[in-house]
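Q: Have a look at this one.
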Amino acid sequence: MSSPRDPLERPAPVGKVRAAAPIVVRCPCGTETRATAGQVVRCPGCGARYDTEEQARMLNTAAALAQRRFKLLGRVGVGVVGLLGLLALSQFGPYAMLGVAVAAGALWYGVVMRWLKKRTIDGTVERFTATVEPKRR
């Protein structure tokens with residue numbers, strides 16, 4: 001049984017999910033230790049103690065921001081496809097509306113949204129550089 005201070009063992013507030021992201025802690029002594037973000041890690045080589053609570057917070061914040069962006073992209077896509085469909089309906093009729101809506105939806109959700117998601121994820125990965133200083137005890 002883990003200690004009650006372990007942040008990953010405490011129940012998450014309603015509506016919030018904690019990410020149990022795997023990380024690797026590299027100690028200056030050369031030892032690498034696999035852990036989960038939010039754990040307190042002790043280096044088996046030199047005994048240095050690393051608290052990764054801040055990294056867990058950063059990962060959760062980055063994941064929440066990415067999730068909001070993806071939801072916004074979906075909603076913008078519905079608006080763009082709908083407006084193009086209405087424009088086609090007003091200019092060319094119902095069959096043109098159907099064709100334009102299908103083509104615009106395929107283009108938005110198949111190409112544009114994939115590119116924007118990849119760009120968002122790549123930017124998040126570049127910004128997240130975790131450095132944890134050891135705490136000697």
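By order in the structure tokens, chains are A, B, ...; within a chain, residues start at 1; ligands start at 1, following the order shown.
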Hey, what's within 9 Å of Cys46 of chain A if we count only C-alpha atoms and toss same-chain stuff fewer than 5 positions away? As a PDB file with N, CA and C atoms, in the first residue's frame, please?
A:
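Writing done, so here's out.pdb:
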```pdb
ATOM      1  N   CYS A  27      19.789  10.827 -13.187  1.00  0.00           N
ATOM      2  CA  CYS A  27      20.562  11.407 -12.090  1.00  0.00           C
ATOM      3  C   CYS A  27      21.954  11.787 -12.610  1.00  0.00           C
ATOM      4  N   CYS A  29      24.628  11.077 -11.347  1.00  0.00           N
ATOM      5  CA  CYS A  29      25.537   9.954 -11.119  1.00  0.00           C
ATOM      6  C   CYS A  29      25.503   8.963 -12.282  1.00  0.00           C
ATOM      7  N   THR A  31      22.629   7.196 -13.262  1.00  0.00           N
ATOM      8  CA  THR A  31      21.569   6.200 -13.116  1.00  0.00           C
ATOM      9  C   THR A  31      20.271   6.734 -13.700  1.00  0.00           C
TER      10      THR A  31
END
```
Q: Can you list, as a PyMOL selection string, every protein, DNA or RNA residue that comes within 12 Å of Val80 of chain A when you count only C-alpha atoms, leaving out same-chain residues fewer than 6 positions away?
A: chain A and resi 73-74+86-87+100-109+112
Q: Next, dump the selected residues to file, keeping only C-alpha atoms, as a PDB file, in the first residue's frame.
A:
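What ended up in out-v7.pdb:
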```
ATOM      1  CA  LEU A  73     -10.916  22.759 -33.862  1.00  0.00           C
ATOM      2  CA  GLY A  74     -13.861  20.380 -34.135  1.00  0.00           C
ATOM      3  CA  LEU A  86     -25.162  27.215 -46.902  1.00  0.00           C
ATOM      4  CA  LEU A  87     -23.231  29.251 -49.453  1.00  0.00           C
ATOM      5  CA  VAL A 100     -19.636  20.932 -50.954  1.00  0.00           C
ATOM      6  CA  ALA A 101     -20.431  19.841 -47.389  1.00  0.00           C
ATOM      7  CA  VAL A 102     -18.970  16.370 -47.976  1.00  0.00           C
ATOM      8  CA  ALA A 103     -15.864  17.754 -49.716  1.00  0.00           C
ATOM      9  CA  ALA A 104     -15.308  20.498 -47.125  1.00  0.00           C
ATOM     10  CA  GLY A 105     -15.813  18.042 -44.263  1.00  0.00           C
ATOM     11  CA  ALA A 106     -13.347  15.577 -45.768  1.00  0.00           C
ATOM     12  CA  LEU A 107     -10.822  18.347 -46.344  1.00  0.00           C
ATOM     13  CA  TRP A 108     -11.237  19.878 -42.871  1.00  0.00           C
ATOM     14  CA  TYR A 109     -11.338  16.700 -40.800  1.00  0.00           C
ATOM     15  CA  VAL A 112      -6.475  20.462 -41.997  1.00  0.00           C
TER      16      VAL A 112
END
```
Q: Apply DSSP to the structure's backbone, then extract all residues of segment 17-134 of chain A labelled alpha helix (DSSP H) and return them as a ChimeraX atom specification.
A: /A:53-92,94-107,113-127
